[in-house]
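To start, the structure itself, in structure tokens.
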There are 2 protein chains.
Amino acid sequence: MSEASVATLAAPVDSGRAWEVVLRRIEADLVSGVLRPGDHLPGERALAAELGVGRSSVREALRALEVLGLIRTQSGSGPQSGAIIVARPSGGMAVLVRLQVAAHGFAVTDVVKTRQVLESAVVAELATSASPDLSAAIELLDAMDAPPAAGSDAALDRAPDAAALSRDEFLTLDQAFHLALAVASGNEVIASVMGGLRDSVEHYVRVGAESLPSWAAMADRLRAEHRAIVAAIEARDADLARTRIHEHIDRYHAETIAAFAPIAPSAAPPD
Amino acid sequence: MSEASVATLAAPVDSGRAWEVVLRRIEADLVSGVLRPGDHLPGERALAAELGVGRSSVREALRALEVLGLIRTQSGSGPQSGAIIVARPSGGMAVLVRLQVAAHGFAVTDVVKTRQVLESAVVAELATSASPDLSAAIELLDAMDAPPAAGSDAALDRAPDAAALSRDEFLTLDQAFHLALAVASGNEVIASVMGGLRDSVEHYVRVGAESLPSWAAMADRLRAEHRAIVAAIEARDADLARTRIHEHIDRYHAETIAAFAPIAPSAAPPD
DNA sequence: TCAGACCATGTGGTCCGACCACAGTAGCAG
DNA sequence: CTGCTACTGTGGTCGGACCACATGGTCTGA
């Protein structure tokens, strides 16, 4: 069975493209348990020889798996090199959603509405959960509050000016907070989809944030709303948590995206 | 213009792998509106020359886009050949989730839960909508009822009298019904995500359906539940609609997926 | 003996050239 | 005008070649 030099010998079922053969094989190994998260895939050359296809085809399949977030590749040698089955799903869904939004020009309002639906469910789930672990989310909130003089070693290199965090830093933490809630709810699927949706409108959010009359005021309100959401969860008030995060997202996008109204590609690339 | 062999001319920023450059470029064209659904991408050779990368790298990027369900490729010549931006967002999400499930990245229960969240929101939205257009969904329900005592060549070894539709036919219509509800709610993003999630567990559903003691009974119950959901929407009872579709999905998967695969409760790890 | 430089090895990343199968299309022959 | 054929362009595949990189062993000098 190691004789795989000629396709006619080892491939009774061709089933279309060569890279699909590779993909199918890897999926089969995944399902059967031969391959597990953390395992190394055989080298590209070995895989090609084993399956009787060219290395190019193997690479195309590997590329597909990589964008799906299933594997991670690394050049060089050593235990970290090669293609490794990724344990935690991350990124793939985000890329997918972002590209589909880009391709279909899905209305931003629909994306926002979907976020509301998902995040409402997340906080409601957390509020009705026995002992939700909000520590990660709360840590992020603390980081968003943190004045640079707080002694946190993470703020060592940051200039201790009046504005504690830049817009980008704040928005990154904000994104992480929302994601942390989803993760805390234990549903990786929702977390992944949420991440993708957020990514897909990220550009609009950041541009919109630039044109706010007062970013500091906005940040303050967001901080307060975040705390209120967590408080509602901790108070086991699912309905209140739903309402608060719904309005939180509503206002957030109303004041950023709507700020520069038409989504029209204003182009104007700086360079 | 054809001599763009040197990357320094057209690529001031290298940004890692060559195929990522291609991916980024296509995404940018998608976002900016240069590329729209239905459009043809430039040929692989042309794209390679334009971006100053090898054709292999272009192909890897195209492969990524293809598994993501963003493009469709076709050999030969003519208007249908080449890489075309796909109009309907279908397949990509299904592949992603299926593989992640296979790699133990996603729990099937999480996929099901996410469906419940999204579909509950959909029916609630429809129930509170002024004049929801359920005609498409109802047509599908009628088709599921339809007893085409003959003609259905798919019912080869099935009892031709009692079982009107084969399992596959029924499940296809079922999928279409759920999707029709999402489309009727007007949120394409939710519809797209829902479709992908449903597709991704389709395999498990079909296998599970094989082992049911009585498919006819199951089909009857599903039909009744579908009608009940529509009735709740038409009665403008959002809460009832939510409850009904939630339980509908619950039972559906409880009797199929759980039938052959003991799924560990995600929220309650044994400890 | 030990530390550092050095090279052999194996990995993915990339490019290139070649060939194939396929599907239209233009052109020719009838 | 009709029908067939050859051409053209597309993606699909393959094999080889080279690169950059990281590791691990070996060699050399102090």
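Here, A, B, ... name the chains of the structure tokens in the order displayed, residue numbers run from 1 inside each chain, and ligands are numbered from 1 in the same displayed order.
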For chain D, work out the contacting residues on chain B at 7 Å, counting only C-alpha atoms (C1' of nucleotides), and write them as a PyMOL selection string.
chain B and resi 74-77+81-82
Would you export the selected residues with N, CA, C and O atoms as a PDB file, in the first residue's frame, please?
ATOM      1  N   GLN B  74     -13.859  27.013 -12.864  1.00  0.00           N
ATOM      2  CA  GLN B  74     -14.331  26.151 -13.954  1.00  0.00           C
ATOM      3  C   GLN B  74     -13.291  26.156 -15.061  1.00  0.00           C
ATOM      4  O   GLN B  74     -12.854  27.211 -15.494  1.00  0.00           O
ATOM      5  N   SER B  75     -12.945  24.979 -15.500  1.00  0.00           N
ATOM      6  CA  SER B  75     -11.976  24.885 -16.586  1.00  0.00           C
ATOM      7  C   SER B  75     -12.629  25.213 -17.912  1.00  0.00           C
ATOM      8  O   SER B  75     -13.819  25.459 -17.995  1.00  0.00           O
ATOM      9  N   GLY B  76     -11.807  25.182 -18.913  1.00  0.00           N
ATOM     10  CA  GLY B  76     -12.323  25.409 -20.254  1.00  0.00           C
ATOM     11  C   GLY B  76     -12.395  26.881 -20.610  1.00  0.00           C
ATOM     12  O   GLY B  76     -11.747  27.709 -20.000  1.00  0.00           O
ATOM     13  N   SER B  77     -13.200  27.179 -21.611  1.00  0.00           N
ATOM     14  CA  SER B  77     -13.344  28.574 -22.001  1.00  0.00           C
ATOM     15  C   SER B  77     -14.824  28.930 -22.013  1.00  0.00           C
ATOM     16  O   SER B  77     -15.665  28.110 -21.724  1.00  0.00           O
ATOM     17  N   SER B  81     -16.321  29.878 -17.585  1.00  0.00           N
ATOM     18  CA  SER B  81     -15.010  29.393 -17.167  1.00  0.00           C
ATOM     19  C   SER B  81     -14.307  30.422 -16.291  1.00  0.00           C
ATOM     20  O   SER B  81     -14.739  31.565 -16.173  1.00  0.00           O
ATOM     21  N   GLY B  82     -13.249  29.985 -15.701  1.00  0.00           N
ATOM     22  CA  GLY B  82     -12.477  30.877 -14.857  1.00  0.00           C
ATOM     23  C   GLY B  82     -12.975  30.891 -13.428  1.00  0.00           C
ATOM     24  O   GLY B  82     -13.817  30.080 -13.043  1.00  0.00           O
TER      25      GLY B  82
END
Closest-contact table, chain B side, partner chain A, 6 Å, counting only C-alpha atoms, as a Markdown table:
| residue | atom | partner | partner_atom | distance |
| --- | --- | --- | --- | --- |
| B:Leu30 | CA | A:Ala103 | CA | 5.4 |
| B:Val31 | CA | A:Ala102 | CA | 5.0 |
| B:Glu60 | CA | A:Glu60 | CA | 5.1 |
| B:Ala64 | CA | A:Ala64 | CA | 4.7 |
| B:Leu96 | CA | A:Leu68 | CA | 5.9 |
| B:Ala102 | CA | A:Val31 | CA | 5.1 |
| B:Ala103 | CA | A:Leu30 | CA | 5.7 |
| B:Gly105 | CA | A:Pro89 | CA | 5.5 |
| B:Asp110 | CA | A:Asn187 | CA | 5.5 |
| B:Asn187 | CA | A:Asp110 | CA | 5.6 |
Restrict the distance test to only C-alpha atoms (C1' of nucleotides), flag each residue of chain C within 12 Å of chain B, and return the flagged residues as a ChimeraX atom specification.
/C:12-17,20-25
Determine which residues of stretch 5-136 of chain A DSSP labels as strand (DSSP E) from the backbone of this structure, then write them out as a ChimeraX atom specification.
/A:71-74,82-85
Which of stretch 83-269 of chain A fall in alpha helix (DSSP H), as a VMD selection string:
chain A and resid 92 to 104 108 to 128 135 to 145 167 to 184 188 to 210 215 to 234 238 to 256
For a test of reading the model, state the distance in Å between atom CA of A:Val207 and atom CA of A:His253, rounded to one decimal.
11.6 Å
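Here atom CA of A:Glu125 and atom CA of A:Asp239 stand 10.4 Å from one another.
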Interatomic distance between atom CA of B:Glu50 and atom CA of B:Thr73?
19.6 Å
